[in-house]
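What follows is the content of protein.cif (mmCIF, C-alpha atoms).
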data_coords
loop_
_atom_site.label_atom_id
_atom_site.label_comp_id
_atom_site.auth_asym_id
_atom_site.auth_seq_id
_atom_site.Cartn_x
_atom_site.Cartn_y
_atom_site.Cartn_z
CA MET A 239 55.49 7.15 -87.07
CA THR A 240 54.90 9.15 -83.89
CA ASP A 241 52.02 8.32 -81.56
CA ARG A 242 50.29 11.49 -82.64
CA ALA A 243 50.68 10.69 -86.33
CA ALA A 244 49.46 7.13 -85.73
CA GLU A 245 46.43 8.45 -83.86
CA HIS A 246 45.62 10.88 -86.68
CA ALA A 247 45.98 8.09 -89.25
CA GLU A 248 43.62 5.92 -87.19
CA VAL A 249 40.97 8.66 -87.08
CA GLU A 250 41.39 9.40 -90.78
CA ALA A 251 40.88 5.68 -91.57
CA VAL A 252 37.61 5.59 -89.62
CA ASN A 253 36.51 8.75 -91.40
CA ALA A 254 37.28 7.13 -94.77
CA ALA A 255 35.35 4.01 -93.70
CA PHE A 256 32.32 6.21 -93.04
CA TYR A 257 32.30 7.49 -96.61
CA GLU A 258 32.99 4.00 -97.96
CA ALA A 259 29.98 2.62 -96.08
CA PHE A 260 27.87 5.36 -97.67
CA GLU A 261 29.28 4.71 -101.16
CA CYS A 262 28.64 0.97 -100.85
CA ALA A 263 25.20 1.55 -99.27
CA ASP A 264 26.43 -0.75 -96.51
CA LEU A 265 23.98 0.00 -93.71
CA ASP A 266 25.53 -2.54 -91.30
CA SER A 267 28.97 -0.99 -91.55
CA MET A 268 27.42 2.45 -91.24
CA GLN A 269 25.60 1.45 -88.05
CA ASP A 270 28.76 -0.09 -86.59
CA LEU A 271 30.68 3.14 -87.14
CA TRP A 272 28.28 5.19 -85.04
CA LEU A 273 28.32 5.54 -81.30
CA ASP A 274 25.24 3.76 -79.97
CA HIS A 275 23.92 6.68 -77.95
CA PRO A 276 20.70 8.68 -77.64
CA GLU A 277 22.73 11.89 -78.04
CA SER A 278 24.52 10.96 -81.25
CA LEU A 279 23.78 13.57 -83.88
CA CYS A 280 23.53 13.67 -87.65
CA VAL A 281 22.89 16.72 -89.82
CA HIS A 282 22.45 15.83 -93.48
CA PRO A 283 23.10 18.71 -95.93
CA GLY A 284 20.34 21.31 -95.75
CA ALA A 285 18.32 19.31 -93.23
CA LEU A 286 17.36 19.59 -89.60
CA PRO A 287 19.30 17.51 -87.04
CA VAL A 288 18.56 13.83 -86.53
CA ARG A 289 19.31 12.66 -82.99
CA GLY A 290 19.87 9.22 -81.49
CA THR A 291 20.98 5.89 -82.93
CA GLY A 292 17.54 4.66 -84.07
CA ALA A 293 16.57 7.81 -85.94
CA ILE A 294 20.04 8.14 -87.48
CA ASN A 295 20.00 4.55 -88.75
CA ARG A 296 16.58 5.11 -90.29
CA SER A 297 17.80 8.29 -91.99
CA TRP A 298 20.71 6.40 -93.59
CA ALA A 299 18.45 3.56 -94.70
CA LEU A 300 16.21 6.12 -96.41
CA ILE A 301 19.08 8.02 -98.02
CA MET A 302 20.81 4.84 -99.24
CA ALA A 303 17.54 3.55 -100.69
CA ASN A 304 17.18 6.79 -102.66
CA THR A 305 20.77 7.08 -103.86
CA PRO A 306 21.52 4.71 -106.76
CA TYR A 307 25.08 6.01 -107.01
CA ILE A 308 27.31 8.23 -104.91
CA GLN A 309 31.04 8.75 -104.81
CA PHE A 310 33.05 11.05 -102.56
CA PHE A 311 36.32 12.75 -103.30
CA LEU A 312 37.48 14.18 -100.01
CA THR A 313 39.73 17.21 -99.97
CA ASP A 314 41.08 19.43 -97.17
CA VAL A 315 40.88 16.58 -94.69
CA GLU A 316 41.99 17.94 -91.31
CA VAL A 317 42.18 15.87 -88.15
CA SER A 318 42.23 17.30 -84.65
CA VAL A 319 42.43 15.19 -81.49
CA MET A 320 41.55 16.45 -78.00
CA GLU A 321 42.09 13.60 -75.54
CA ASP A 322 39.33 11.07 -76.28
CA VAL A 323 37.47 13.11 -78.84
CA ALA A 324 38.63 13.67 -82.41
CA SER A 325 37.25 15.88 -85.13
CA VAL A 326 37.70 15.56 -88.84
CA THR A 327 36.66 18.29 -91.21
CA CYS A 328 36.70 17.80 -94.90
CA THR A 329 35.26 19.05 -98.13
CA GLU A 330 33.03 16.41 -99.69
CA ASN A 331 33.23 16.63 -103.47
CA VAL A 332 30.29 14.48 -104.43
CA LEU A 333 29.48 12.70 -107.65
CA THR A 334 25.97 11.32 -107.59
CA ALA A 335 23.19 9.85 -109.65
CA ASP A 336 19.56 9.93 -108.63
CA ASP A 337 16.08 10.45 -110.04
CA ARG A 338 16.91 14.00 -111.03
CA THR A 339 20.06 13.21 -113.00
CA GLY A 340 18.57 10.29 -114.91
CA PRO A 341 20.19 6.91 -115.66
CA ASP A 342 23.04 8.12 -117.86
CA SER A 343 24.32 11.25 -116.20
CA PHE A 344 25.79 12.45 -112.94
CA GLY A 345 25.35 15.40 -110.70
CA GLY A 346 28.10 17.11 -108.76
CA ALA A 347 27.94 18.94 -105.49
CA LYS A 348 30.18 20.24 -102.76
CA ALA A 349 29.58 20.02 -99.02
CA VAL A 350 31.59 20.66 -95.90
CA ALA A 351 31.51 18.06 -93.14
CA THR A 352 32.51 18.07 -89.52
CA ASN A 353 32.75 14.55 -88.12
CA VAL A 354 33.38 14.15 -84.40
CA PHE A 355 34.53 10.76 -83.11
CA VAL A 356 34.73 9.43 -79.56
CA ARG A 357 37.39 6.93 -78.47
CA THR A 358 35.77 3.73 -77.17
CA SER A 359 37.15 0.34 -76.17
CA GLY A 360 36.12 -0.85 -79.65
CA GLY A 361 37.79 2.03 -81.49
CA TRP A 362 36.72 5.47 -82.63
CA ARG A 363 32.98 5.88 -83.06
CA LEU A 364 31.05 8.66 -84.77
CA TRP A 365 29.31 10.94 -82.29
CA ILE A 366 28.46 13.85 -84.61
CA HIS A 367 28.22 14.16 -88.39
CA HIS A 368 27.31 17.62 -89.63
CA ALA A 369 27.38 18.20 -93.37
CA SER A 370 26.39 21.45 -95.02
CA PRO A 371 26.09 22.55 -98.62
CA VAL A 372 28.71 25.01 -99.85
CA LEU A 373 26.80 27.92 -101.33
CA SER A 374 29.64 30.37 -101.62
CA VAL A 375 33.32 30.12 -102.40
CA ASP A 376 34.11 33.01 -100.05
CA ASN A 377 35.71 31.23 -97.13
CA HIS A 378 36.99 34.37 -95.37
CA ASP A 379 40.48 32.84 -95.23
CA ASP A 380 42.02 35.89 -96.77
CA ALA A 381 39.77 38.36 -94.93
CA MET B 12 20.49 20.46 -59.19
CA THR B 13 22.52 17.36 -59.99
CA ASP B 14 26.12 17.64 -61.17
CA ARG B 15 25.03 16.59 -64.62
CA ALA B 16 22.26 19.19 -64.77
CA ALA B 17 24.64 21.87 -63.48
CA GLU B 18 27.19 20.93 -66.13
CA HIS B 19 24.56 21.09 -68.87
CA ALA B 20 23.39 24.49 -67.61
CA GLU B 21 27.00 25.72 -67.65
CA VAL B 22 27.48 24.63 -71.26
CA GLU B 23 24.14 26.10 -72.29
CA ALA B 24 25.12 29.43 -70.72
CA VAL B 25 28.37 29.54 -72.69
CA ASN B 26 26.44 28.68 -75.83
CA ALA B 27 24.02 31.56 -75.13
CA ALA B 28 26.99 33.89 -74.52
CA PHE B 29 28.28 33.01 -77.99
CA TYR B 30 25.05 34.18 -79.65
CA GLU B 31 24.92 37.25 -77.42
CA ALA B 32 28.44 38.23 -78.47
CA PHE B 33 27.33 37.93 -82.10
CA GLU B 34 24.12 39.92 -81.51
CA CYS B 35 26.06 42.70 -79.72
CA ALA B 36 28.87 42.59 -82.31
CA ASP B 37 31.19 42.23 -79.34
CA LEU B 38 34.35 40.93 -80.98
CA ASP B 39 36.33 40.83 -77.71
CA SER B 40 33.78 38.59 -76.01
CA MET B 41 33.58 36.46 -79.15
CA GLN B 42 37.36 35.98 -79.16
CA ASP B 43 37.39 35.11 -75.46
CA LEU B 44 34.80 32.38 -76.00
CA TRP B 45 36.94 30.54 -78.53
CA LEU B 46 39.68 28.08 -77.76
CA ASP B 47 42.96 29.72 -78.76
CA HIS B 48 44.14 26.90 -80.99
CA PRO B 49 45.36 26.43 -84.58
CA GLU B 50 42.82 23.60 -84.99
CA SER B 51 39.75 25.50 -83.86
CA LEU B 52 37.16 25.41 -86.61
CA CYS B 53 34.33 27.64 -87.80
CA VAL B 54 31.90 26.91 -90.61
CA HIS B 55 29.63 29.85 -91.35
CA PRO B 56 26.37 28.97 -93.15
CA GLY B 57 26.99 27.98 -96.75
CA ALA B 58 30.72 28.69 -96.50
CA LEU B 59 33.92 26.68 -96.50
CA PRO B 60 35.63 26.00 -93.16
CA VAL B 61 37.74 28.64 -91.44
CA ARG B 62 40.53 27.16 -89.31
CA GLY B 63 42.61 28.60 -86.49
CA THR B 64 42.13 31.46 -84.06
CA GLY B 65 43.48 34.26 -86.26
CA ALA B 66 41.41 33.40 -89.32
CA ILE B 67 38.29 32.83 -87.22
CA ASN B 68 38.63 36.17 -85.47
CA ARG B 69 39.01 37.91 -88.82
CA SER B 70 35.92 36.15 -90.15
CA TRP B 71 33.85 37.40 -87.21
CA ALA B 72 35.20 40.94 -87.58
CA LEU B 73 34.12 40.88 -91.22
CA ILE B 74 30.68 39.41 -90.51
CA MET B 75 29.99 41.80 -87.64
CA ALA B 76 31.05 44.78 -89.76
CA ASN B 77 28.54 43.70 -92.43
CA THR B 78 25.64 42.89 -90.11
CA PRO B 79 23.85 46.03 -88.88
CA TYR B 80 21.34 43.93 -86.96
CA ILE B 81 21.00 40.30 -86.02
CA GLN B 82 18.93 38.50 -83.42
CA PHE B 83 18.79 34.80 -82.62
CA PHE B 84 15.87 32.81 -81.28
CA LEU B 85 17.30 29.44 -80.41
CA THR B 86 15.07 26.38 -80.44
CA ASP B 87 15.71 22.65 -80.00
CA VAL B 88 18.76 23.34 -77.86
CA GLU B 89 20.31 19.98 -76.96
CA VAL B 90 23.40 19.58 -74.81
CA SER B 91 25.57 16.47 -74.75
CA VAL B 92 28.67 16.10 -72.57
CA MET B 93 31.36 13.44 -73.12
CA GLU B 94 34.02 13.88 -70.44
CA ASP B 95 35.79 17.16 -71.24
CA VAL B 96 34.05 17.84 -74.51
CA ALA B 97 30.49 19.12 -74.83
CA SER B 98 28.32 19.60 -77.87
CA VAL B 99 25.33 21.84 -78.26
CA THR B 100 23.05 21.60 -81.26
CA CYS B 101 20.34 24.12 -81.86
CA THR B 102 18.17 25.60 -84.51
CA GLU B 103 19.07 29.24 -85.08
CA ASN B 104 15.97 31.21 -85.99
CA VAL B 105 17.55 34.39 -87.25
CA LEU B 106 16.13 37.87 -87.64
CA THR B 107 18.51 40.09 -89.53
CA ALA B 108 18.91 43.38 -91.34
CA ASP B 109 21.58 44.05 -93.91
CA ASP B 110 22.14 45.79 -97.24
CA ARG B 111 19.66 43.49 -98.94
CA THR B 112 16.77 44.03 -96.55
CA GLY B 113 17.12 47.83 -96.47
CA PRO B 114 16.88 50.13 -93.43
CA ASP B 115 13.25 49.48 -92.50
CA SER B 116 12.76 45.78 -92.93
CA PHE B 117 14.07 42.48 -91.67
CA GLY B 118 14.98 39.18 -93.16
CA GLY B 119 14.41 35.81 -91.57
CA ALA B 120 16.36 32.62 -91.93
CA LYS B 121 16.81 29.28 -90.28
CA ALA B 122 20.09 27.49 -89.68
CA VAL B 123 21.22 24.47 -87.72
CA ALA B 124 24.33 24.77 -85.58
CA THR B 125 26.61 22.29 -83.91
CA ASN B 126 28.83 23.93 -81.31
CA VAL B 127 31.52 21.82 -79.67
CA PHE B 128 33.15 23.11 -76.48
CA VAL B 129 36.27 21.92 -74.66
CA ARG B 130 36.61 22.16 -70.88
CA THR B 131 39.62 24.30 -69.94
CA SER B 132 40.90 25.67 -66.64
CA GLY B 133 39.18 28.95 -67.60
CA GLY B 134 35.84 27.32 -68.44
CA TRP B 135 34.28 25.88 -71.57
CA ARG B 136 35.76 27.18 -74.82
CA LEU B 137 34.43 26.86 -78.35
CA TRP B 138 36.46 24.39 -80.41
CA ILE B 139 34.05 23.93 -83.34
CA HIS B 140 31.14 26.01 -84.64
CA HIS B 141 29.40 24.56 -87.67
CA ALA B 142 26.26 26.31 -88.89
CA SER B 143 24.35 25.26 -91.97
CA PRO B 144 21.33 26.66 -93.75
CA VAL B 145 18.11 24.66 -93.49
CA LEU B 146 16.95 24.10 -97.06
CA SER B 147 14.37 21.43 -96.38
CA VAL B 148 11.92 20.71 -93.61
CA ASP B 149 12.32 16.97 -94.12
CA ASN B 150 14.32 16.04 -91.04
CA HIS B 151 13.95 12.26 -91.44
CA ASP B 152 12.79 12.05 -87.84
CA ASP B 153 9.72 10.16 -88.83
CA ALA B 154 11.46 8.08 -91.50
#

Serialized structure, structure tokens:
Amino acid sequence: MTDRAAEHAEVEAVNAAFYEAFECADLDSMQDLWLDHPESLCVHPGALPVRGTGAINRSWALIMANTPYIQFFLTDVEVSVMEDVASVTCTENVLTADDRTGPDSFGGAKAVATNVFVRTSGGWRLWIHHASPVLSVDNHDDA
Amino acid sequence: MTDRAAEHAEVEAVNAAFYEAFECADLDSMQDLWLDHPESLCVHPGALPVRGTGAINRSWALIMANTPYIQFFLTDVEVSVMEDVASVTCTENVLTADDRTGPDSFGGAKAVATNVFVRTSGGWRLWIHHASPVLSVDNHDDA
């Protein structure tokens, strides 16, 4: 494996750990994955930005408390590394259960996420998570 | 002005130039602002990601051709610089006219954007633009 491929694999593993922490409602792991910084940034789908470690942790606690079940199938995972900053974009295919779906059924949704990680002495840490709902299938790729 | 303040002002100016290029439908300026890179990334509101310089340029050409009028009022502009990478997040308060609004009226919308710039020898260049529609006013800030 080349250095570049190893680096990409490392970033992709941290990205996967982020979604696993969400699926397991593991707030400690989620907190550990984030850069502890007042300028860290989190945009949940359809919402305004949440800035800074404290506010971001509270937002995850709230979301996890209100999400009995969530599972992510990531597609189109693309990693890009620029020196000490790495971005991952992916399509989040989400299977979820909440108050609206009821106890015996699931809801599905699709979102696009950009996750930006910073290289630290302790590994890659999440600096920015921006997820947005996909409202249209027109992605301009064939424009 | 401190170095840090000057750097932030520089990034904010490039961010403003991005919205000006869009408002003026100036495709040349828009292209110049982007990093010429196969991993550059653009997520238009509600859409799937567009990757790479060529595809991104085509997406802007298409959007500009279909947007007779657009004006941005940016609020909550926050700049964060990590070495040679800078992020700007802002709320895009958009005033627009298109086929749906008709010739004599305007539409309004609100989106949240994360713009990530890379420092190059020619100045800051846009690596990632991710804009998402704001569907809810619950920003978890007071969670």

On this file, the PyMOL selection byres ((chain B and resi 79) around 9) gives some set of residues; write that set as number ranges by chain.
-> B: 36, 75-78, 80-81, 107-110

Could you list the residues in chain B lying within 9 Å of chain A, using only C-alpha atoms, and format the result as an NGL selection string?
-> :B and (50-52 or 54-62 or 66-67 or 69-70 or 73 or 89-91 or 93-96 or 98 or 100-102 or 122-125 or 129 or 139 or 141-154)

Could you write those residues out with C-alpha atoms, as an mmCIF file, in the coordinates of the input?
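Saved to selection.cif:
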data_model
loop_
_atom_site.group_PDB
_atom_site.id
_atom_site.type_symbol
_atom_site.label_atom_id
_atom_site.label_comp_id
_atom_site.auth_asym_id
_atom_site.auth_seq_id
_atom_site.Cartn_x
_atom_site.Cartn_y
_atom_site.Cartn_z
ATOM 1 C CA GLU B 50 42.820 23.600 -84.990
ATOM 2 C CA SER B 51 39.750 25.500 -83.860
ATOM 3 C CA LEU B 52 37.160 25.410 -86.610
ATOM 4 C CA VAL B 54 31.900 26.910 -90.610
ATOM 5 C CA HIS B 55 29.630 29.850 -91.350
ATOM 6 C CA PRO B 56 26.370 28.970 -93.150
ATOM 7 C CA GLY B 57 26.990 27.980 -96.750
ATOM 8 C CA ALA B 58 30.720 28.690 -96.500
ATOM 9 C CA LEU B 59 33.920 26.680 -96.500
ATOM 10 C CA PRO B 60 35.630 26.000 -93.160
ATOM 11 C CA VAL B 61 37.740 28.640 -91.440
ATOM 12 C CA ARG B 62 40.530 27.160 -89.310
ATOM 13 C CA ALA B 66 41.410 33.400 -89.320
ATOM 14 C CA ILE B 67 38.290 32.830 -87.220
ATOM 15 C CA ARG B 69 39.010 37.910 -88.820
ATOM 16 C CA SER B 70 35.920 36.150 -90.150
ATOM 17 C CA LEU B 73 34.120 40.880 -91.220
ATOM 18 C CA GLU B 89 20.310 19.980 -76.960
ATOM 19 C CA VAL B 90 23.400 19.580 -74.810
ATOM 20 C CA SER B 91 25.570 16.470 -74.750
ATOM 21 C CA MET B 93 31.360 13.440 -73.120
ATOM 22 C CA GLU B 94 34.020 13.880 -70.440
ATOM 23 C CA ASP B 95 35.790 17.160 -71.240
ATOM 24 C CA VAL B 96 34.050 17.840 -74.510
ATOM 25 C CA SER B 98 28.320 19.600 -77.870
ATOM 26 C CA THR B 100 23.050 21.600 -81.260
ATOM 27 C CA CYS B 101 20.340 24.120 -81.860
ATOM 28 C CA THR B 102 18.170 25.600 -84.510
ATOM 29 C CA ALA B 122 20.090 27.490 -89.680
ATOM 30 C CA VAL B 123 21.220 24.470 -87.720
ATOM 31 C CA ALA B 124 24.330 24.770 -85.580
ATOM 32 C CA THR B 125 26.610 22.290 -83.910
ATOM 33 C CA VAL B 129 36.270 21.920 -74.660
ATOM 34 C CA ILE B 139 34.050 23.930 -83.340
ATOM 35 C CA HIS B 141 29.400 24.560 -87.670
ATOM 36 C CA ALA B 142 26.260 26.310 -88.890
ATOM 37 C CA SER B 143 24.350 25.260 -91.970
ATOM 38 C CA PRO B 144 21.330 26.660 -93.750
ATOM 39 C CA VAL B 145 18.110 24.660 -93.490
ATOM 40 C CA LEU B 146 16.950 24.100 -97.060
ATOM 41 C CA SER B 147 14.370 21.430 -96.380
ATOM 42 C CA VAL B 148 11.920 20.710 -93.610
ATOM 43 C CA ASP B 149 12.320 16.970 -94.120
ATOM 44 C CA ASN B 150 14.320 16.040 -91.040
ATOM 45 C CA HIS B 151 13.950 12.260 -91.440
ATOM 46 C CA ASP B 152 12.790 12.050 -87.840
ATOM 47 C CA ASP B 153 9.720 10.160 -88.830
ATOM 48 C CA ALA B 154 11.460 8.080 -91.500
#

Evaluate the PyMOL selection byres ((chain B and resi 12-28) around 8) here and jot the selected residues down as a PyMOL selection string.
-> chain B and resi 29-32+44+90-92+97+99+126+128+135

Same-sequence overlay, chain B on chain A, C-alpha least squares, as a short mmCIF file (atom, residue, chain, number, x, y, z; two decimals) with C-alpha atoms, in the coordinates of the input:
data_model
loop_
_atom_site.label_atom_id
_atom_site.label_comp_id
_atom_site.auth_asym_id
_atom_site.auth_seq_id
_atom_site.Cartn_x
_atom_site.Cartn_y
_atom_site.Cartn_z
CA MET B 12 55.45 7.13 -87.03
CA THR B 13 54.90 9.12 -83.85
CA ASP B 14 52.00 8.31 -81.53
CA ARG B 15 50.29 11.48 -82.62
CA ALA B 16 50.68 10.68 -86.31
CA ALA B 17 49.46 7.12 -85.72
CA GLU B 18 46.42 8.44 -83.86
CA HIS B 19 45.63 10.87 -86.67
CA ALA B 20 45.98 8.09 -89.24
CA GLU B 21 43.62 5.91 -87.18
CA VAL B 22 40.97 8.65 -87.07
CA GLU B 23 41.39 9.38 -90.77
CA ALA B 24 40.89 5.69 -91.57
CA VAL B 25 37.63 5.59 -89.61
CA ASN B 26 36.52 8.75 -91.38
CA ALA B 27 37.29 7.12 -94.76
CA ALA B 28 35.36 4.00 -93.67
CA PHE B 29 32.33 6.21 -93.03
CA TYR B 30 32.31 7.49 -96.62
CA GLU B 31 32.99 4.00 -97.96
CA ALA B 32 29.98 2.64 -96.07
CA PHE B 33 27.87 5.38 -97.66
CA GLU B 34 29.28 4.75 -101.16
CA CYS B 35 28.64 0.98 -100.83
CA ALA B 36 25.22 1.56 -99.25
CA ASP B 37 26.43 -0.75 -96.50
CA LEU B 38 23.98 0.02 -93.71
CA ASP B 39 25.50 -2.54 -91.31
CA SER B 40 28.96 -0.99 -91.54
CA MET B 41 27.41 2.47 -91.24
CA GLN B 42 25.60 1.46 -88.04
CA ASP B 43 28.76 -0.08 -86.59
CA LEU B 44 30.68 3.15 -87.13
CA TRP B 45 28.28 5.20 -85.03
CA LEU B 46 28.33 5.55 -81.29
CA ASP B 47 25.25 3.76 -79.96
CA HIS B 48 23.93 6.69 -77.96
CA PRO B 49 20.69 8.69 -77.64
CA GLU B 50 22.73 11.90 -78.05
CA SER B 51 24.52 10.97 -81.25
CA LEU B 52 23.79 13.57 -83.88
CA CYS B 53 23.54 13.67 -87.67
CA VAL B 54 22.91 16.72 -89.82
CA HIS B 55 22.46 15.83 -93.47
CA PRO B 56 23.09 18.70 -95.93
CA GLY B 57 20.35 21.30 -95.77
CA ALA B 58 18.33 19.30 -93.24
CA LEU B 59 17.39 19.61 -89.59
CA PRO B 60 19.32 17.53 -87.04
CA VAL B 61 18.59 13.84 -86.52
CA ARG B 62 19.31 12.67 -82.97
CA GLY B 63 19.87 9.22 -81.50
CA THR B 64 20.96 5.90 -82.94
CA GLY B 65 17.55 4.66 -84.08
CA ALA B 66 16.58 7.82 -85.94
CA ILE B 67 20.04 8.13 -87.49
CA ASN B 68 20.00 4.56 -88.75
CA ARG B 69 16.59 5.12 -90.30
CA SER B 70 17.81 8.29 -91.99
CA TRP B 71 20.71 6.41 -93.59
CA ALA B 72 18.44 3.57 -94.71
CA LEU B 73 16.22 6.13 -96.41
CA ILE B 74 19.09 8.02 -98.04
CA MET B 75 20.80 4.85 -99.25
CA ALA B 76 17.53 3.55 -100.70
CA ASN B 77 17.18 6.80 -102.67
CA THR B 78 20.78 7.07 -103.86
CA PRO B 79 21.53 4.72 -106.77
CA TYR B 80 25.08 6.02 -107.00
CA ILE B 81 27.30 8.23 -104.91
CA GLN B 82 31.04 8.76 -104.81
CA PHE B 83 33.07 11.04 -102.56
CA PHE B 84 36.35 12.75 -103.32
CA LEU B 85 37.50 14.17 -100.03
CA THR B 86 39.75 17.22 -99.97
CA ASP B 87 41.10 19.44 -97.19
CA VAL B 88 40.91 16.59 -94.70
CA GLU B 89 42.01 17.94 -91.32
CA VAL B 90 42.20 15.86 -88.16
CA SER B 91 42.23 17.30 -84.66
CA VAL B 92 42.43 15.18 -81.50
CA MET B 93 41.56 16.47 -78.01
CA GLU B 94 42.08 13.62 -75.54
CA ASP B 95 39.35 11.07 -76.29
CA VAL B 96 37.49 13.11 -78.84
CA ALA B 97 38.64 13.65 -82.42
CA SER B 98 37.26 15.87 -85.14
CA VAL B 99 37.71 15.54 -88.85
CA THR B 100 36.67 18.29 -91.22
CA CYS B 101 36.71 17.79 -94.94
CA THR B 102 35.27 19.05 -98.14
CA GLU B 103 33.04 16.41 -99.71
CA ASN B 104 33.24 16.63 -103.48
CA VAL B 105 30.29 14.49 -104.43
CA LEU B 106 29.48 12.70 -107.66
CA THR B 107 25.97 11.34 -107.59
CA ALA B 108 23.17 9.86 -109.65
CA ASP B 109 19.55 9.92 -108.62
CA ASP B 110 16.06 10.40 -110.04
CA ARG B 111 16.88 13.96 -111.03
CA THR B 112 20.03 13.21 -112.99
CA GLY B 113 18.54 10.27 -114.91
CA PRO B 114 20.18 6.91 -115.68
CA ASP B 115 23.03 8.15 -117.88
CA SER B 116 24.29 11.26 -116.20
CA PHE B 117 25.77 12.45 -112.95
CA GLY B 118 25.34 15.39 -110.69
CA GLY B 119 28.09 17.12 -108.77
CA ALA B 120 27.95 18.94 -105.49
CA LYS B 121 30.19 20.24 -102.78
CA ALA B 122 29.59 20.01 -99.05
CA VAL B 123 31.60 20.65 -95.92
CA ALA B 124 31.52 18.06 -93.16
CA THR B 125 32.52 18.06 -89.54
CA ASN B 126 32.77 14.55 -88.13
CA VAL B 127 33.39 14.15 -84.41
CA PHE B 128 34.53 10.76 -83.11
CA VAL B 129 34.74 9.44 -79.55
CA ARG B 130 37.39 6.93 -78.48
CA THR B 131 35.76 3.74 -77.17
CA SER B 132 37.14 0.35 -76.16
CA GLY B 133 36.11 -0.85 -79.65
CA GLY B 134 37.80 2.03 -81.48
CA TRP B 135 36.73 5.47 -82.63
CA ARG B 136 32.97 5.89 -83.06
CA LEU B 137 31.06 8.67 -84.78
CA TRP B 138 29.30 10.94 -82.28
CA ILE B 139 28.47 13.86 -84.60
CA HIS B 140 28.24 14.15 -88.39
CA HIS B 141 27.33 17.61 -89.64
CA ALA B 142 27.40 18.18 -93.40
CA SER B 143 26.40 21.43 -95.03
CA PRO B 144 26.10 22.55 -98.62
CA VAL B 145 28.71 25.01 -99.88
CA LEU B 146 26.77 27.92 -101.34
CA SER B 147 29.61 30.39 -101.60
CA VAL B 148 33.29 30.18 -102.38
CA ASP B 149 34.04 33.05 -100.02
CA ASN B 150 35.70 31.20 -97.16
CA HIS B 151 36.96 34.32 -95.34
CA ASP B 152 40.42 32.78 -95.21
CA ASP B 153 41.94 35.84 -96.73
CA ALA B 154 39.73 38.28 -94.83
#

So, counting all atoms listed in the file, which residue among B:Gly119, B:Arg130, B:Phe83, B:Val88 is closest to B:Trp45?
->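 Checking each of B:Gly119, B:Arg130, B:Phe83, B:Val88 against B:Trp45, counting all atoms listed in the file, the winner is B:Arg130.
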
Which value, in Å to one decimal, gives the distance between atom CA of A:His275 and atom CA of B:Leu137?
-> 22.8 Å

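Taking atom CA of B:Thr86 as the reference point, atom CA of B:Glu103 is found at 6.8 Å.
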
Please measure the separation of atom CA of A:Gly345 and atom CA of A:Leu333, giving the value in Å to one decimal.
-> 5.8 Å
